[in-house]
Amino acid sequence: MDGSIALLGFGEGGWGWSIASGILVTVTLALATLPLGLAIGFFVALGKQSEEPSVRLASNMYTTIFRGLPELLTLFLVYYGGQIGIQQLGKLLGYTGAIEINSFIAGMFALGTVFSSYASEVFLSAFRVIPKGQYEGGYAIGLSYGQTMRKIILPQLVRIALPGLGNLWLILLKDTALVSAIGLADILRQTAVAARVTKHAFMFYGTACLIFLVLGILSSFAINGIDRWAAKSGAKR
């Protein structure tokens, strides 16, 4: 038993450092994907409210496609499809060498598109809660559309959308495990390698489960803290 536990250590023969590096990759990937997904989701939500029918159609198609596709399939499409596309572009430019897409970047964009498709629905619901009079009030005091959005609408939008976005963050954190399928050394890949080499599959996969649970619990505390801060901030206005 002691020998098995030693495999999780940071000493010689232990896999502690490998797993720690996997945790760093997982958290970094999730944090890098979050702003990308939020930005795309926000603009897609704006597109769904556009008066231009083609913009509304494109925005609705975007969410329908990426909410309908399995996340793993989206990851493969971005990773392998993007690689083929870049290689074809390289050939047109006269470059004949092999081109590979960085698995971290591919994972970030794939998870970002999926996250944004769900985030757009959260933002859209939040937009619908805010009364139209808020916009009219901003225009009445001489604010432009951009100023109205930044000073009046966005602060309310964030408070309303925060619970839904918090849930999406937890889903994103778990979905980072999918990037192990394209070779990124995240938590799942590092523990899978350790399990295969040491033949202690249950111990290492159990460790991966505990790590994701801890990350989820810490995220929940952080989300609840932000939620309380936003509620107090809104009460002071």
# chains A, B, ... in the order shown; residues from 1 in each chain; ligands from 1

call {"tool": "select_by_dssp", "arguments": {"residues": "stretch 40-144 of chain A", "states": "helix (DSSP H, G or I)", "output": "ChimeraX atom specification"}}
result
/A:40-48,53-68,71-92,103-129,132-140

call {"tool": "write_last_selection", "arguments": {"atoms": "C-alpha atoms", "output": "short mmCIF file (atom, residue, chain, number, x, y, z; two decimals), in the first residue's frame"}}
result
data_model
loop_
_atom_site.label_atom_id
_atom_site.label_comp_id
_atom_site.auth_asym_id
_atom_site.auth_seq_id
_atom_site.Cartn_x
_atom_site.Cartn_y
_atom_site.Cartn_z
CA ILE A 40 -18.04 35.39 -28.68
CA GLY A 41 -21.16 34.50 -26.69
CA PHE A 42 -21.88 38.17 -25.94
CA PHE A 43 -21.66 39.20 -29.60
CA VAL A 44 -23.71 36.20 -30.71
CA ALA A 45 -26.40 37.25 -28.21
CA LEU A 46 -26.32 40.75 -29.68
CA GLY A 47 -26.64 39.20 -33.14
CA LYS A 48 -29.74 37.29 -32.08
CA PRO A 53 -32.53 39.08 -40.49
CA SER A 54 -29.29 37.65 -41.92
CA VAL A 55 -27.40 38.45 -38.70
CA ARG A 56 -30.12 36.83 -36.59
CA LEU A 57 -30.10 33.77 -38.84
CA ALA A 58 -26.30 33.42 -38.67
CA SER A 59 -26.32 33.78 -34.87
CA ASN A 60 -29.08 31.21 -34.45
CA MET A 61 -27.31 28.79 -36.80
CA TYR A 62 -24.10 29.19 -34.80
CA THR A 63 -25.73 28.21 -31.52
CA THR A 64 -27.76 25.42 -33.11
CA ILE A 65 -24.66 23.83 -34.66
CA PHE A 66 -22.32 24.02 -31.69
CA ARG A 67 -24.94 23.10 -29.10
CA GLY A 68 -25.98 20.15 -31.24
CA GLU A 71 -17.87 18.51 -27.71
CA LEU A 72 -15.37 15.79 -28.65
CA LEU A 73 -16.46 15.91 -32.29
CA THR A 74 -16.11 19.72 -32.30
CA LEU A 75 -12.61 19.31 -30.91
CA PHE A 76 -11.66 16.87 -33.68
CA LEU A 77 -13.16 19.14 -36.35
CA VAL A 78 -11.18 22.13 -35.13
CA TYR A 79 -7.93 20.22 -34.62
CA TYR A 80 -7.85 18.08 -37.75
CA GLY A 81 -9.97 20.32 -39.97
CA GLY A 82 -7.94 23.38 -39.05
CA GLN A 83 -4.74 21.51 -39.73
CA ILE A 84 -5.93 20.51 -43.20
CA GLY A 85 -7.07 24.06 -43.92
CA ILE A 86 -3.74 25.57 -42.89
CA GLN A 87 -1.83 23.01 -44.95
CA GLN A 88 -3.91 23.83 -48.01
CA LEU A 89 -3.31 27.53 -47.44
CA GLY A 90 0.41 26.83 -47.09
CA LYS A 91 0.43 25.01 -50.43
CA LEU A 92 -1.23 27.99 -52.10
CA SER A 103 -3.16 21.23 -29.43
CA PHE A 104 -3.58 23.89 -26.72
CA ILE A 105 -4.76 26.49 -29.25
CA ALA A 106 -7.05 23.95 -30.94
CA GLY A 107 -8.53 22.95 -27.57
CA MET A 108 -9.04 26.58 -26.60
CA PHE A 109 -10.91 27.43 -29.81
CA ALA A 110 -12.97 24.23 -29.82
CA LEU A 111 -14.05 24.56 -26.18
CA GLY A 112 -14.50 28.31 -26.68
CA THR A 113 -17.00 27.81 -29.51
CA VAL A 114 -19.02 25.30 -27.49
CA PHE A 115 -18.91 27.51 -24.38
CA SER A 116 -19.93 30.59 -26.38
CA SER A 117 -22.94 28.85 -27.92
CA TYR A 118 -24.35 28.19 -24.45
CA ALA A 119 -23.19 31.52 -23.04
CA SER A 120 -25.05 33.35 -25.81
CA GLU A 121 -28.31 31.87 -24.55
CA VAL A 122 -27.51 32.97 -21.00
CA PHE A 123 -26.72 36.50 -22.21
CA LEU A 124 -29.84 36.55 -24.38
CA SER A 125 -32.03 35.62 -21.41
CA ALA A 126 -30.36 38.34 -19.34
CA PHE A 127 -30.91 40.91 -22.10
CA ARG A 128 -34.62 40.06 -22.15
CA VAL A 129 -34.92 40.65 -18.39
CA LYS A 132 -36.46 48.54 -22.73
CA GLY A 133 -36.88 51.67 -20.65
CA GLN A 134 -33.25 51.30 -19.53
CA TYR A 135 -32.10 51.88 -23.10
CA GLU A 136 -34.54 54.71 -23.65
CA GLY A 137 -33.40 56.37 -20.42
CA GLY A 138 -29.78 56.25 -21.58
CA TYR A 139 -30.66 57.78 -24.94
CA ALA A 140 -32.77 60.44 -23.22
#

call {"tool": "closest_residue", "arguments": {"among": "A:Ser4, A:Thr191, A:Asn224, A:Ser219", "to": "A:Leu173", "atoms": "only C-alpha atoms"}}
result
A:Ser219

call {"tool": "closest_residue", "arguments": {"among": "A:Ile101, A:Ile130, A:Ile171, A:Ala230", "to": "A:Leu34", "atoms": "only C-alpha atoms"}}
result
A:Ile171

call {"tool": "atom_distance", "arguments": {"atom1": "atom CA of A:Asp186", "atom2": "atom CA of A:Thr26"}}
result
5.3 Å

call {"tool": "atom_distance", "arguments": {"atom1": "atom CA of A:Lys174", "atom2": "atom CA of A:Leu36"}}
result
17.1 Å

call {"tool": "closest_residue", "arguments": {"among": "A:Leu143, A:Leu154, A:Leu24, A:Leu29", "to": "A:Thr176", "atoms": "only C-alpha atoms"}}
result
A:Leu29

call {"tool": "closest_residue", "arguments": {"among": "A:His200, A:Arg228, A:Lys151, A:Arg159", "to": "A:Trp15", "atoms": "only C-alpha atoms"}}
result
A:His200
